[in-house]
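Dumped query.tsv below, it's TSV, N, CA and C atoms:
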```tsv
chain	number	residue	atom	x	y	z
A	174	MET	N	26.40	25.09	62.45
A	174	MET	CA	27.41	24.20	61.92
A	174	MET	C	28.76	24.88	61.99
A	175	GLU	N	29.78	24.14	62.37
A	175	GLU	CA	31.13	24.70	62.47
A	175	GLU	C	31.64	25.05	61.09
A	176	GLU	N	32.47	26.10	61.05
A	176	GLU	CA	33.04	26.50	59.77
A	176	GLU	C	33.97	25.39	59.26
A	177	GLY	N	33.86	25.07	58.01
A	177	GLY	CA	34.68	24.02	57.43
A	177	GLY	C	34.12	22.62	57.60
A	178	LYS	N	33.06	22.48	58.37
A	178	LYS	CA	32.45	21.16	58.59
A	178	LYS	C	31.48	20.90	57.44
A	179	LYS	N	31.76	19.90	56.66
A	179	LYS	CA	30.95	19.64	55.48
A	179	LYS	C	29.74	18.76	55.77
A	180	TYR	N	29.88	17.83	56.68
A	180	TYR	CA	28.83	16.85	56.91
A	180	TYR	C	28.40	16.88	58.36
A	181	THR	N	27.16	16.63	58.58
A	181	THR	CA	26.64	16.59	59.94
A	181	THR	C	26.91	15.22	60.54
A	182	ASP	N	26.73	15.12	61.86
A	182	ASP	CA	26.90	13.83	62.53
A	182	ASP	C	25.90	12.83	61.98
A	183	ARG	N	24.71	13.29	61.64
A	183	ARG	CA	23.70	12.40	61.09
A	183	ARG	C	24.17	11.80	59.75
A	184	ASP	N	24.83	12.63	58.93
A	184	ASP	CA	25.36	12.13	57.66
A	184	ASP	C	26.42	11.06	57.89
A	185	ARG	N	27.31	11.30	58.85
A	185	ARG	CA	28.34	10.31	59.16
A	185	ARG	C	27.70	9.02	59.67
A	186	ASP	N	26.63	9.15	60.46
A	186	ASP	CA	25.93	7.97	60.95
A	186	ASP	C	25.31	7.17	59.81
A	187	LYS	N	24.77	7.87	58.82
A	187	LYS	CA	24.18	7.18	57.65
A	187	LYS	C	25.24	6.38	56.90
A	188	VAL	N	26.39	7.00	56.69
A	188	VAL	CA	27.47	6.32	55.97
A	188	VAL	C	27.99	5.13	56.79
A	189	ALA	N	28.12	5.32	58.10
A	189	ALA	CA	28.57	4.22	58.97
A	189	ALA	C	27.57	3.07	58.95
A	190	GLU	N	26.29	3.39	59.00
A	190	GLU	CA	25.25	2.36	58.94
A	190	GLU	C	25.30	1.63	57.60
A	191	ALA	N	25.52	2.37	56.52
A	191	ALA	CA	25.62	1.74	55.20
A	191	ALA	C	26.80	0.77	55.16
A	192	SER	N	27.92	1.16	55.74
A	192	SER	CA	29.09	0.27	55.78
A	192	SER	C	28.81	-0.97	56.63
A	193	ARG	N	28.12	-0.77	57.75
A	193	ARG	CA	27.79	-1.89	58.62
A	193	ARG	C	26.85	-2.86	57.92
A	194	LEU	N	25.85	-2.34	57.24
A	194	LEU	CA	24.89	-3.20	56.54
A	194	LEU	C	25.55	-3.96	55.40
A	195	GLU	N	26.56	-3.36	54.81
A	195	GLU	CA	27.28	-4.02	53.72
A	195	GLU	C	27.93	-5.31	54.19
A	196	GLN	N	28.32	-5.36	55.46
A	196	GLN	CA	28.98	-6.53	56.02
A	196	GLN	C	28.00	-7.68	56.31
A	197	LEU	N	26.72	-7.38	56.38
A	197	LEU	CA	25.74	-8.39	56.77
A	197	LEU	C	25.44	-9.38	55.65
A	198	ASP	N	25.04	-10.54	56.05
A	198	ASP	CA	24.52	-11.52	55.11
A	198	ASP	C	23.21	-10.96	54.54
A	199	ILE	N	22.95	-11.14	53.26
A	199	ILE	CA	21.77	-10.52	52.66
A	199	ILE	C	20.47	-11.07	53.22
A	200	PHE	N	20.49	-12.22	53.86
A	200	PHE	CA	19.27	-12.78	54.42
A	200	PHE	C	19.27	-12.77	55.94
A	201	ASP	N	20.09	-11.90	56.53
A	201	ASP	CA	20.19	-11.80	57.99
A	201	ASP	C	18.95	-11.10	58.54
A	202	THR	N	18.04	-11.84	59.12
A	202	THR	CA	16.81	-11.25	59.63
A	202	THR	C	16.96	-10.77	61.06
A	203	GLY	N	18.06	-11.04	61.72
A	203	GLY	CA	18.26	-10.58	63.08
A	203	GLY	C	18.76	-9.15	63.16
A	204	SER	N	19.04	-8.53	62.05
A	204	SER	CA	19.63	-7.19	62.05
A	204	SER	C	18.60	-6.07	62.13
A	205	GLY	N	17.32	-6.40	62.00
A	205	GLY	CA	16.32	-5.35	61.95
A	205	GLY	C	16.02	-4.93	60.52
A	206	LYS	N	16.89	-5.29	59.60
A	206	LYS	CA	16.69	-5.02	58.17
A	206	LYS	C	16.79	-6.37	57.49
A	207	SER	N	15.67	-6.92	57.12
A	207	SER	CA	15.66	-8.31	56.70
A	207	SER	C	16.40	-8.60	55.41
A	208	PHE	N	16.37	-7.70	54.44
A	208	PHE	CA	17.03	-7.96	53.18
A	208	PHE	C	17.79	-6.71	52.73
A	209	PRO	N	18.98	-6.44	53.31
A	209	PRO	CA	19.72	-5.23	52.96
A	209	PRO	C	20.01	-5.11	51.47
A	210	LEU	N	20.24	-6.22	50.80
A	210	LEU	CA	20.52	-6.18	49.38
A	210	LEU	C	19.35	-5.56	48.62
A	211	PHE	N	18.15	-5.94	48.99
A	211	PHE	CA	16.98	-5.43	48.28
A	211	PHE	C	16.65	-4.00	48.69
A	212	SER	N	17.04	-3.60	49.89
A	212	SER	CA	16.78	-2.22	50.30
A	212	SER	C	17.62	-1.24	49.49
A	213	VAL	N	18.84	-1.62	49.12
A	213	VAL	CA	19.65	-0.72	48.31
A	213	VAL	C	19.09	-0.65	46.89
A	214	ALA	N	18.55	-1.73	46.37
A	214	ALA	CA	17.91	-1.70	45.05
A	214	ALA	C	16.66	-0.82	45.11
A	215	ALA	N	15.92	-0.90	46.20
A	215	ALA	CA	14.73	-0.06	46.37
A	215	ALA	C	15.11	1.41	46.44
A	216	GLU	N	16.25	1.72	47.06
A	216	GLU	CA	16.72	3.11	47.12
A	216	GLU	C	17.06	3.61	45.72
A	217	GLY	N	17.69	2.78	44.90
A	217	GLY	CA	17.97	3.15	43.51
A	217	GLY	C	16.69	3.40	42.74
A	218	TRP	N	15.70	2.54	42.98
A	218	TRP	CA	14.39	2.67	42.32
A	218	TRP	C	13.74	3.99	42.73
A	219	ARG	N	13.80	4.30	44.03
A	219	ARG	CA	13.19	5.53	44.55
A	219	ARG	C	13.87	6.78	43.98
A	220	LEU	N	15.19	6.76	43.91
A	220	LEU	CA	15.91	7.91	43.35
A	220	LEU	C	15.55	8.12	41.89
A	221	ALA	N	15.48	7.04	41.12
A	221	ALA	CA	15.11	7.16	39.71
A	221	ALA	C	13.70	7.72	39.56
A	222	ASP	N	12.80	7.27	40.41
A	222	ASP	CA	11.43	7.77	40.36
A	222	ASP	C	11.38	9.27	40.63
A	223	LYS	N	12.17	9.71	41.58
A	223	LYS	CA	12.20	11.12	41.95
A	223	LYS	C	12.87	11.95	40.85
A	224	VAL	N	14.02	11.50	40.37
A	224	VAL	CA	14.80	12.25	39.39
A	224	VAL	C	14.09	12.34	38.04
A	225	PHE	N	13.44	11.26	37.64
A	225	PHE	CA	12.80	11.22	36.32
A	225	PHE	C	11.28	11.39	36.40
A	226	SER	N	10.80	12.03	37.43
A	226	SER	CA	9.35	12.20	37.60
A	226	SER	C	8.73	13.02	36.49
A	227	TYR	N	9.50	13.88	35.84
A	227	TYR	CA	8.99	14.72	34.76
A	227	TYR	C	8.96	14.00	33.41
A	228	GLU	N	9.58	12.84	33.32
A	228	GLU	CA	9.63	12.07	32.07
A	228	GLU	C	8.38	11.21	31.91
A	229	ASN	N	8.20	10.69	30.71
A	229	ASN	CA	7.05	9.80	30.51
A	229	ASN	C	7.27	8.50	31.28
A	230	GLU	N	6.19	7.81	31.53
A	230	GLU	CA	6.24	6.64	32.42
A	230	GLU	C	7.16	5.54	31.90
A	231	LYS	N	7.15	5.30	30.60
A	231	LYS	CA	7.98	4.24	30.04
A	231	LYS	C	9.47	4.51	30.28
A	232	TYR	N	9.90	5.74	30.03
A	232	TYR	CA	11.30	6.10	30.25
A	232	TYR	C	11.65	6.04	31.73
A	233	ARG	N	10.75	6.53	32.57
A	233	ARG	CA	10.99	6.51	34.02
A	233	ARG	C	11.15	5.08	34.52
A	234	LYS	N	10.29	4.16	34.07
A	234	LYS	CA	10.40	2.75	34.48
A	234	LYS	C	11.72	2.14	34.02
A	235	LYS	N	12.15	2.50	32.81
A	235	LYS	CA	13.44	2.00	32.31
A	235	LYS	C	14.57	2.46	33.23
A	236	GLN	N	14.54	3.71	33.64
A	236	GLN	CA	15.57	4.23	34.53
A	236	GLN	C	15.49	3.58	35.91
A	237	GLN	N	14.28	3.30	36.38
A	237	GLN	CA	14.12	2.64	37.68
A	237	GLN	C	14.71	1.24	37.64
A	238	TRP	N	14.42	0.48	36.60
A	238	TRP	CA	14.97	-0.87	36.49
A	238	TRP	C	16.49	-0.83	36.38
A	239	LYS	N	17.00	0.13	35.60
A	239	LYS	CA	18.44	0.26	35.44
A	239	LYS	C	19.11	0.58	36.79
A	240	SER	N	18.52	1.47	37.54
A	240	SER	CA	19.07	1.84	38.85
A	240	SER	C	19.06	0.65	39.81
A	241	ALA	N	17.96	-0.06	39.85
A	241	ALA	CA	17.86	-1.22	40.74
A	241	ALA	C	18.86	-2.30	40.33
A	242	PHE	N	19.01	-2.53	39.04
A	242	PHE	CA	19.95	-3.53	38.54
A	242	PHE	C	21.39	-3.18	38.93
A	243	HIS	N	21.79	-1.94	38.70
A	243	HIS	CA	23.15	-1.53	39.06
A	243	HIS	C	23.39	-1.63	40.56
A	244	ALA	N	22.38	-1.29	41.35
A	244	ALA	CA	22.51	-1.38	42.80
A	244	ALA	C	22.67	-2.84	43.24
A	245	LEU	N	21.98	-3.74	42.58
A	245	LEU	CA	22.10	-5.17	42.91
A	245	LEU	C	23.46	-5.73	42.50
A	246	LEU	N	24.03	-5.20	41.42
A	246	LEU	CA	25.35	-5.66	40.98
A	246	LEU	C	26.46	-5.25	41.94
A	247	HIS	N	26.33	-4.06	42.51
A	247	HIS	CA	27.36	-3.51	43.39
A	247	HIS	C	26.70	-2.95	44.65
A	248	PRO	N	26.14	-3.81	45.50
A	248	PRO	CA	25.35	-3.31	46.63
A	248	PRO	C	26.14	-2.51	47.66
A	249	GLY	N	27.37	-2.90	47.95
A	249	GLY	CA	28.16	-2.16	48.93
A	249	GLY	C	28.48	-0.75	48.44
A	250	PHE	N	28.94	-0.68	47.20
A	250	PHE	CA	29.23	0.63	46.62
A	250	PHE	C	27.94	1.47	46.53
A	251	ALA	N	26.87	0.84	46.08
A	251	ALA	CA	25.59	1.56	45.91
A	251	ALA	C	25.11	2.13	47.24
A	252	ARG	N	25.21	1.36	48.30
A	252	ARG	CA	24.76	1.83	49.62
A	252	ARG	C	25.57	3.04	50.07
A	253	ARG	N	26.89	2.97	49.91
A	253	ARG	CA	27.74	4.11	50.30
A	253	ARG	C	27.47	5.33	49.41
A	254	TRP	N	27.34	5.10	48.11
A	254	TRP	CA	27.11	6.20	47.18
A	254	TRP	C	25.75	6.86	47.44
A	255	PHE	N	24.71	6.07	47.63
A	255	PHE	CA	23.39	6.65	47.89
A	255	PHE	C	23.38	7.41	49.21
A	256	ALA	N	24.10	6.92	50.21
A	256	ALA	CA	24.19	7.63	51.49
A	256	ALA	C	24.90	8.97	51.30
A	257	PHE	N	25.97	8.97	50.52
A	257	PHE	CA	26.68	10.21	50.24
A	257	PHE	C	25.82	11.15	49.40
A	258	PHE	N	25.17	10.62	48.39
A	258	PHE	CA	24.33	11.42	47.49
A	258	PHE	C	23.20	12.10	48.26
A	259	ASN	N	22.65	11.41	49.26
A	259	ASN	CA	21.56	11.96	50.05
A	259	ASN	C	22.03	12.80	51.24
A	260	SER	N	23.34	12.93	51.43
A	260	SER	CA	23.86	13.69	52.58
A	260	SER	C	23.65	15.19	52.38
A	261	SER	N	23.60	15.91	53.48
A	261	SER	CA	23.37	17.35	53.41
A	261	SER	C	24.53	18.08	52.74
A	262	GLY	N	25.74	17.57	52.86
A	262	GLY	CA	26.89	18.20	52.24
A	262	GLY	C	26.87	18.14	50.72
A	263	PHE	N	26.25	17.11	50.17
A	263	PHE	CA	26.19	16.94	48.72
A	263	PHE	C	24.89	17.48	48.13
A	264	ARG	N	23.96	17.85	48.98
A	264	ARG	CA	22.63	18.28	48.52
A	264	ARG	C	22.66	19.40	47.47
A	265	PRO	N	23.49	20.45	47.63
A	265	PRO	CA	23.48	21.51	46.59
A	265	PRO	C	23.87	20.99	45.20
A	266	VAL	N	24.82	20.07	45.17
A	266	VAL	CA	25.23	19.49	43.89
A	266	VAL	C	24.11	18.61	43.33
A	267	ALA	N	23.52	17.81	44.19
A	267	ALA	CA	22.45	16.91	43.76
A	267	ALA	C	21.24	17.67	43.22
A	268	ARG	N	20.97	18.83	43.80
A	268	ARG	CA	19.85	19.64	43.29
A	268	ARG	C	20.13	20.16	41.89
A	269	GLN	N	21.39	20.51	41.62
A	269	GLN	CA	21.75	21.04	40.31
A	269	GLN	C	21.84	19.95	39.25
A	270	ARG	N	22.33	18.77	39.64
A	270	ARG	CA	22.51	17.66	38.70
A	270	ARG	C	21.94	16.38	39.30
A	271	PRO	N	20.64	16.23	39.37
A	271	PRO	CA	20.06	15.05	40.03
A	271	PRO	C	20.39	13.73	39.35
A	272	THR	N	20.70	13.75	38.06
A	272	THR	CA	21.01	12.49	37.38
A	272	THR	C	22.40	11.96	37.73
A	273	LEU	N	23.15	12.69	38.53
A	273	LEU	CA	24.47	12.20	38.97
A	273	LEU	C	24.37	10.92	39.79
A	274	TYR	N	23.20	10.64	40.36
A	274	TYR	CA	23.08	9.47	41.23
A	274	TYR	C	23.43	8.19	40.49
A	275	ILE	N	23.23	8.12	39.17
A	275	ILE	CA	23.47	6.89	38.41
A	275	ILE	C	24.85	6.89	37.73
A	276	LYS	N	25.48	8.04	37.60
A	276	LYS	CA	26.73	8.14	36.83
A	276	LYS	C	27.86	7.24	37.33
A	277	PRO	N	28.09	7.08	38.63
A	277	PRO	CA	29.22	6.24	39.05
A	277	PRO	C	29.08	4.76	38.67
A	278	PHE	N	27.89	4.33	38.30
A	278	PHE	CA	27.69	2.93	37.92
A	278	PHE	C	28.02	2.69	36.45
A	279	ARG	N	28.17	3.74	35.71
A	279	ARG	CA	28.44	3.60	34.28
A	279	ARG	C	29.92	3.42	34.05
A	280	VAL	N	30.27	2.73	32.96
A	280	VAL	CA	31.67	2.49	32.62
A	280	VAL	C	32.09	3.53	31.58
A	281	TYR	N	33.15	4.22	31.89
A	281	TYR	CA	33.69	5.21	30.96
A	281	TYR	C	35.08	4.78	30.54
A	282	MET	N	35.36	4.97	29.27
A	282	MET	CA	36.70	4.66	28.78
A	282	MET	C	37.19	5.89	28.03
A	283	SER	N	38.45	6.24	28.24
A	283	SER	CA	38.99	7.40	27.54
A	283	SER	C	40.04	6.97	26.55
```
Final structure tokens representation of the file:
Amino acid sequence: MEEGKKYTDRDRDKVAEASRLEQLDIFDTGSGKSFPLFSVAAEGWRLADKVFSYENEKYRKKQQWKSAFHALLHPGFARRWFAFFNSSGFRPVARQRPTLYIKPFRVYMS
């Protein structure tokens, strides 16, 4: 990897694909991905399952539903955020703080 290069070409491709899918109609079956809206909710569900695997099942399910719900509310943002969160450049941070995947969906007021 070149010095100063944070993301690989594969990471950029993932983010570009996420942006492209965001433009599609949610029921566009000609794209190869029949329901992009639901795929981003499934990604939120999968991340919650992974991050909260050490918790009891009831709490883990609550986090999975919350993740899927937030992803459905903001699918374009969720797709870009999950692509960034899963990128190799962000991996060291994600390993240290895996619950960061849900933080951008929360509302903070100061």
task: With only N, CA and C atoms counted, which protein, DNA or RNA residues have an atom no more than 7 Å from (17.7, 3.7, 37.4) in the file frame? Please answer as an MDAnalysis selection string.
output: chainID A and resid 217:218 220:222 235:242 275
field: Å distance separating atom C of Ser261 in chain A from atom N of Asp186 in chain A, one decimal place
entry: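 Between atom C of Ser261 in chain A and atom N of Asp186 in chain A the gap is 12.0 Å.
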- request: Report the distance between atom C of Phe278 in chain A and atom C of Ala251 in chain A in Å, rounded to one decimal place.
  value: 11.2 Å
- prompt: Which distance in Å separates CA of Phe211 in chain A and CA of Tyr274 in chain A, to one decimal?
  reply: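 Rounded to one decimal, the two atoms are 17.6 Å apart.
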query: So which one's closest to Ser260 in chain A, A:Arg219, A:Lys231, A:His243, A:Arg185? Using all atoms listed in the file, please.
result: A:Arg185
